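Reviewing the structure listed below.
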Amino acid sequence: MVEVVHAVISGVFSEAIDSARVQVNPAQGLLKRILPSKKRRVLSKPDPLSKADLRAVLDSAWKVLDPDRAMAIEVIAKTGMRVGECLTMHLDNLDIRNRLYRIKEKIRHGKWGLPKTGEDRKVDLSEELMGQLQAHLKRLKNRMFA
């Protein structure tokens with residue numbers, strides 16, 4: 001639980017750094033100071049949201065957020081992309097026919113770079129998500145030419 005709370009707080013500060021609201025992340029390195037090393041901890045297996053819970057979260061996102069942000073949350077939840085990878089999505093990396101997206105870059109702290117692993121990777125897109133992305137692209141095109 002401590003790690004989850006830390007991840008949320010650290011993520012908020014990382015976003016604040018990216019938007020130049022703060023210059024340092026006070027949560028950085030905090031876990032090392034308050035928790036024993038991973039070798040000495042009893043680690044539990046990840047407990048992801050159930051399909052019903054995930055659907056409830058995504059439905060809520062579509063109700064309260066603008067479509068661009070809701071679409072980003074949908075993509076992150078359904079592909080496992082990191083936030084910085086999702087923010088750099090580009091149409092040239094989308095393979096509609098094979099329902100794949102090639103992750104080639106990320107943005108973090110306002111700097112563009114390679115993904116965390118340092119290498120490109122591909123993620124599968126479900127039929128449902130591909131349909132949502134195509135509808136989103138159509139909305140963007142309509143908005144651009146309105």
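Order determines the names: the first chain of the structure tokens is A, the second B, and so forth; residues in each chain are numbered 1 upward, and ligands are numbered 1 upward as they are shown.
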
What's the 9 Å shell around region 134-143 of chain A, counting only C-alpha atoms, without same-chain residues fewer than 4 positions away, as a PDB file with N, CA, C and O atoms, in the first residue's frame?
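This went into out-v4.pdb:
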```pdb
ATOM      1  N   PRO A  67     -12.846  14.441 -24.079  1.00  0.00           N
ATOM      2  CA  PRO A  67     -12.563  13.221 -24.849  1.00  0.00           C
ATOM      3  C   PRO A  67     -11.072  12.928 -25.042  1.00  0.00           C
ATOM      4  O   PRO A  67     -10.691  11.766 -25.079  1.00  0.00           O
ATOM      5  N   ASP A  68     -10.236  13.954 -25.162  1.00  0.00           N
ATOM      6  CA  ASP A  68      -8.800  13.712 -25.347  1.00  0.00           C
ATOM      7  C   ASP A  68      -8.194  13.023 -24.125  1.00  0.00           C
ATOM      8  O   ASP A  68      -7.444  12.050 -24.252  1.00  0.00           O
ATOM      9  N   MET A  71      -9.640   9.449 -23.696  1.00  0.00           N
ATOM     10  CA  MET A  71      -9.032   8.524 -24.659  1.00  0.00           C
ATOM     11  C   MET A  71      -7.643   8.113 -24.186  1.00  0.00           C
ATOM     12  O   MET A  71      -7.262   6.941 -24.289  1.00  0.00           O
ATOM     13  N   LEU A  91       0.364   9.238 -35.309  1.00  0.00           N
ATOM     14  CA  LEU A  91      -0.355   8.444 -36.298  1.00  0.00           C
ATOM     15  C   LEU A  91       0.561   7.547 -37.127  1.00  0.00           C
ATOM     16  O   LEU A  91       0.190   6.433 -37.501  1.00  0.00           O
ATOM     17  N   ILE A  96      -3.063   0.165 -38.328  1.00  0.00           N
ATOM     18  CA  ILE A  96      -4.497  -0.116 -38.199  1.00  0.00           C
ATOM     19  C   ILE A  96      -4.824  -1.533 -38.641  1.00  0.00           C
ATOM     20  O   ILE A  96      -5.575  -2.246 -37.976  1.00  0.00           O
ATOM     21  N   LEU A 129     -10.554  -1.152 -28.790  1.00  0.00           N
ATOM     22  CA  LEU A 129      -9.700   0.020 -28.646  1.00  0.00           C
ATOM     23  C   LEU A 129      -9.369   0.613 -30.016  1.00  0.00           C
ATOM     24  O   LEU A 129      -9.348   1.839 -30.173  1.00  0.00           O
ATOM     25  N   MET A 130      -9.137  -0.224 -31.006  1.00  0.00           N
ATOM     26  CA  MET A 130      -8.851   0.288 -32.345  1.00  0.00           C
ATOM     27  C   MET A 130     -10.033   1.094 -32.864  1.00  0.00           C
ATOM     28  O   MET A 130      -9.871   2.164 -33.454  1.00  0.00           O
TER      29      MET A 130
END
```

Residues at most 9 Å from region 23-32 of chain A, counting only C-alpha atoms, excluding those fewer than 6 positions away in the same chain, as JSON, numbers by chain?
{"A": [2, 3, 6, 7, 9, 10, 12, 13, 14, 16, 17]}

Convert the current residue selection to file output with N, CA, C and O atoms, as a PDB file, in the first residue's frame.
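Full text of result.pdb as output:
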```pdb
ATOM      1  N   VAL A   2       1.944   1.219   0.759  1.00  0.00           N
ATOM      2  CA  VAL A   2       2.848   2.368   0.814  1.00  0.00           C
ATOM      3  C   VAL A   2       3.398   2.666  -0.572  1.00  0.00           C
ATOM      4  O   VAL A   2       3.481   3.831  -0.983  1.00  0.00           O
ATOM      5  N   GLU A   3       3.746   1.617  -1.315  1.00  0.00           N
ATOM      6  CA  GLU A   3       4.289   1.813  -2.659  1.00  0.00           C
ATOM      7  C   GLU A   3       3.255   2.418  -3.602  1.00  0.00           C
ATOM      8  O   GLU A   3       3.592   3.256  -4.443  1.00  0.00           O
ATOM      9  N   HIS A   6       2.889   6.059  -2.672  1.00  0.00           N
ATOM     10  CA  HIS A   6       4.098   6.751  -3.131  1.00  0.00           C
ATOM     11  C   HIS A   6       4.063   6.968  -4.638  1.00  0.00           C
ATOM     12  O   HIS A   6       4.407   8.044  -5.135  1.00  0.00           O
ATOM     13  N   ALA A   7       3.640   5.960  -5.398  1.00  0.00           N
ATOM     14  CA  ALA A   7       3.588   6.079  -6.859  1.00  0.00           C
ATOM     15  C   ALA A   7       2.642   7.195  -7.282  1.00  0.00           C
ATOM     16  O   ALA A   7       2.949   7.972  -8.194  1.00  0.00           O
ATOM     17  N   ILE A   9       1.680   9.881  -5.435  1.00  0.00           N
ATOM     18  CA  ILE A   9       2.252  11.178  -5.039  1.00  0.00           C
ATOM     19  C   ILE A   9       3.423  11.544  -5.941  1.00  0.00           C
ATOM     20  O   ILE A   9       3.530  12.675  -6.421  1.00  0.00           O
ATOM     21  N   SER A  10       4.294  10.593  -6.187  1.00  0.00           N
ATOM     22  CA  SER A  10       5.442  10.850  -7.049  1.00  0.00           C
ATOM     23  C   SER A  10       4.991  11.219  -8.460  1.00  0.00           C
ATOM     24  O   SER A  10       5.565  12.114  -9.101  1.00  0.00           O
ATOM     25  N   VAL A  12       2.186  12.686  -9.324  1.00  0.00           N
ATOM     26  CA  VAL A  12       1.643  14.046  -9.298  1.00  0.00           C
ATOM     27  C   VAL A  12       2.780  15.060  -9.373  1.00  0.00           C
ATOM     28  O   VAL A  12       2.735  16.023 -10.136  1.00  0.00           O
ATOM     29  N   PHE A  13       3.835  14.835  -8.581  1.00  0.00           N
ATOM     30  CA  PHE A  13       4.974  15.756  -8.614  1.00  0.00           C
ATOM     31  C   PHE A  13       5.705  15.697  -9.953  1.00  0.00           C
ATOM     32  O   PHE A  13       6.181  16.727 -10.442  1.00  0.00           O
ATOM     33  N   SER A  14       5.790  14.527 -10.573  1.00  0.00           N
ATOM     34  CA  SER A  14       6.423  14.429 -11.891  1.00  0.00           C
ATOM     35  C   SER A  14       5.666  15.244 -12.921  1.00  0.00           C
ATOM     36  O   SER A  14       6.264  15.934 -13.748  1.00  0.00           O
ATOM     37  N   ALA A  16       3.829  17.833 -12.212  1.00  0.00           N
ATOM     38  CA  ALA A  16       4.051  19.238 -11.858  1.00  0.00           C
ATOM     39  C   ALA A  16       5.407  19.721 -12.359  1.00  0.00           C
ATOM     40  O   ALA A  16       5.550  20.867 -12.794  1.00  0.00           O
ATOM     41  N   ILE A  17       6.400  18.844 -12.346  1.00  0.00           N
ATOM     42  CA  ILE A  17       7.721  19.189 -12.899  1.00  0.00           C
ATOM     43  C   ILE A  17       7.593  19.387 -14.400  1.00  0.00           C
ATOM     44  O   ILE A  17       8.111  20.363 -14.954  1.00  0.00           O
TER      45      ILE A  17
END
```

Show me, as a list of chain:residue names, the residues that have an atom within 10 Å of region 124-127 of chain A when counting only C-alpha atoms, minus same-chain residues fewer than 4 positions from it.
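Near neighbours after the sequence-gap exclusion: A:Val75, A:Lys78, A:Thr79, A:Gly80, A:Leu94, A:Asp95, A:Ile96, A:Asn98, A:Arg99, A:Leu100, A:Tyr101, A:Arg102, A:Gly131, A:Gln132, A:Leu133.
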
Report, in Å with one decimal, the straight-line distance from CA of Lys51 (chain A) to CA of Met89 (chain A).
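It comes out at 25.1 Å.
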
Using only C-alpha atoms, determine which residues lie at most 12 Å from Gly118 (chain A), disregarding the query and same-chain residues fewer than 5 positions distant; provide the list as JSON, numbers by chain.
{"A": [103, 104, 105, 106, 113]}

Pick out the closest residue to Lys111 (chain A) from this set: A:Asp66, A:Asp53, A:Glu74, A:Glu85. Count only C-alpha atoms.
A:Glu85

Determine which residues of region 17-132 of chain A DSSP labels as alpha helix (DSSP H) from the backbone of this structure, then write them out as JSON, numbers by chain.
{"A": [17, 18, 30, 31, 32, 33, 34, 51, 52, 53, 54, 55, 56, 57, 58, 59, 60, 61, 62, 63, 64, 67, 68, 69, 70, 71, 72, 73, 74, 75, 76, 77, 78, 79, 83, 84, 85, 86, 127, 128, 129, 130, 131, 132]}

Based on DSSP run over this structure's backbone, return all residues of region 4-146 of chain A in strand (DSSP E), as a list of chain:residue names.
A:Leu94, A:Asp95, A:Leu100, A:Tyr101, A:Arg102, A:Ile103, A:Lys106, A:Ile107, A:Arg108, A:Lys111, A:Trp112, A:Gly113, A:Arg121, A:Lys122, A:Val123, A:Asp124

Those same residues, written as a PDB file, in the first residue's frame with N, CA and C atoms?
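Dumped everything to result_6.pdb:
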```pdb
ATOM      1  N   LEU A  94       0.956   3.979 -35.829  1.00  0.00           N
ATOM      2  CA  LEU A  94      -0.249   3.168 -35.698  1.00  0.00           C
ATOM      3  C   LEU A  94      -0.420   2.277 -36.919  1.00  0.00           C
ATOM      4  N   ASP A  95      -0.494   0.977 -36.681  1.00  0.00           N
ATOM      5  CA  ASP A  95      -0.717  -0.009 -37.744  1.00  0.00           C
ATOM      6  C   ASP A  95      -2.160  -0.495 -37.605  1.00  0.00           C
ATOM      7  N   LEU A 100      -1.776  -2.740 -34.174  1.00  0.00           N
ATOM      8  CA  LEU A 100      -0.553  -2.596 -33.380  1.00  0.00           C
ATOM      9  C   LEU A 100      -0.180  -1.126 -33.277  1.00  0.00           C
ATOM     10  N   TYR A 101       0.465  -0.789 -32.176  1.00  0.00           N
ATOM     11  CA  TYR A 101       1.048   0.549 -32.060  1.00  0.00           C
ATOM     12  C   TYR A 101       2.514   0.370 -31.684  1.00  0.00           C
ATOM     13  N   ARG A 102       3.375   1.063 -32.393  1.00  0.00           N
ATOM     14  CA  ARG A 102       4.814   0.978 -32.133  1.00  0.00           C
ATOM     15  C   ARG A 102       5.218   2.157 -31.259  1.00  0.00           C
ATOM     16  N   ILE A 103       5.691   1.841 -30.059  1.00  0.00           N
ATOM     17  CA  ILE A 103       6.144   2.865 -29.125  1.00  0.00           C
ATOM     18  C   ILE A 103       7.606   3.155 -29.439  1.00  0.00           C
ATOM     19  N   LYS A 106       9.108   8.751 -25.729  1.00  0.00           N
ATOM     20  CA  LYS A 106       8.357   9.169 -24.548  1.00  0.00           C
ATOM     21  C   LYS A 106       8.734  10.607 -24.239  1.00  0.00           C
ATOM     22  N   ILE A 107       7.935  11.213 -23.376  1.00  0.00           N
ATOM     23  CA  ILE A 107       8.275  12.536 -22.868  1.00  0.00           C
ATOM     24  C   ILE A 107       8.246  12.455 -21.347  1.00  0.00           C
ATOM     25  N   ARG A 108       9.255  13.027 -20.721  1.00  0.00           N
ATOM     26  CA  ARG A 108       9.336  13.039 -19.264  1.00  0.00           C
ATOM     27  C   ARG A 108      10.089  14.296 -18.860  1.00  0.00           C
ATOM     28  N   LYS A 111      11.222  16.575 -21.599  1.00  0.00           N
ATOM     29  CA  LYS A 111      12.255  16.149 -22.539  1.00  0.00           C
ATOM     30  C   LYS A 111      11.794  14.898 -23.276  1.00  0.00           C
ATOM     31  N   TRP A 112      11.993  14.911 -24.585  1.00  0.00           N
ATOM     32  CA  TRP A 112      11.656  13.772 -25.422  1.00  0.00           C
ATOM     33  C   TRP A 112      12.831  12.812 -25.450  1.00  0.00           C
ATOM     34  N   GLY A 113      12.525  11.517 -25.489  1.00  0.00           N
ATOM     35  CA  GLY A 113      13.592  10.530 -25.546  1.00  0.00           C
ATOM     36  C   GLY A 113      13.059   9.158 -25.883  1.00  0.00           C
ATOM     37  N   ARG A 121       9.072  -0.769 -28.965  1.00  0.00           N
ATOM     38  CA  ARG A 121       8.302  -1.981 -28.729  1.00  0.00           C
ATOM     39  C   ARG A 121       6.915  -1.798 -29.322  1.00  0.00           C
ATOM     40  N   LYS A 122       6.246  -2.906 -29.561  1.00  0.00           N
ATOM     41  CA  LYS A 122       4.901  -2.870 -30.129  1.00  0.00           C
ATOM     42  C   LYS A 122       3.910  -3.343 -29.079  1.00  0.00           C
ATOM     43  N   VAL A 123       2.735  -2.719 -29.083  1.00  0.00           N
ATOM     44  CA  VAL A 123       1.656  -3.174 -28.210  1.00  0.00           C
ATOM     45  C   VAL A 123       0.460  -3.530 -29.076  1.00  0.00           C
ATOM     46  N   ASP A 124      -0.231  -4.575 -28.678  1.00  0.00           N
ATOM     47  CA  ASP A 124      -1.441  -4.997 -29.374  1.00  0.00           C
ATOM     48  C   ASP A 124      -2.589  -4.087 -28.980  1.00  0.00           C
TER      49      ASP A 124
END
```

Which is closest to Leu54 (chain A) among A:Ile76, A:Arg40, A:Gly110, A:Val5, if we use only C-alpha atoms?
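Selected residue with least distance to Leu54 (chain A): A:Ile76.
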
For a test of reading the model, state the distance in Å between CA of Met144 (chain A) and CA of His109 (chain A), rounded to one decimal.
27.7 Å

Quote the spacing between CA of Leu35 (chain A) and CA of Val8 (chain A) in Å to one decimal place.
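Straight-line distance from CA of Leu35 (chain A) to CA of Val8 (chain A) works out to 16.7 Å.
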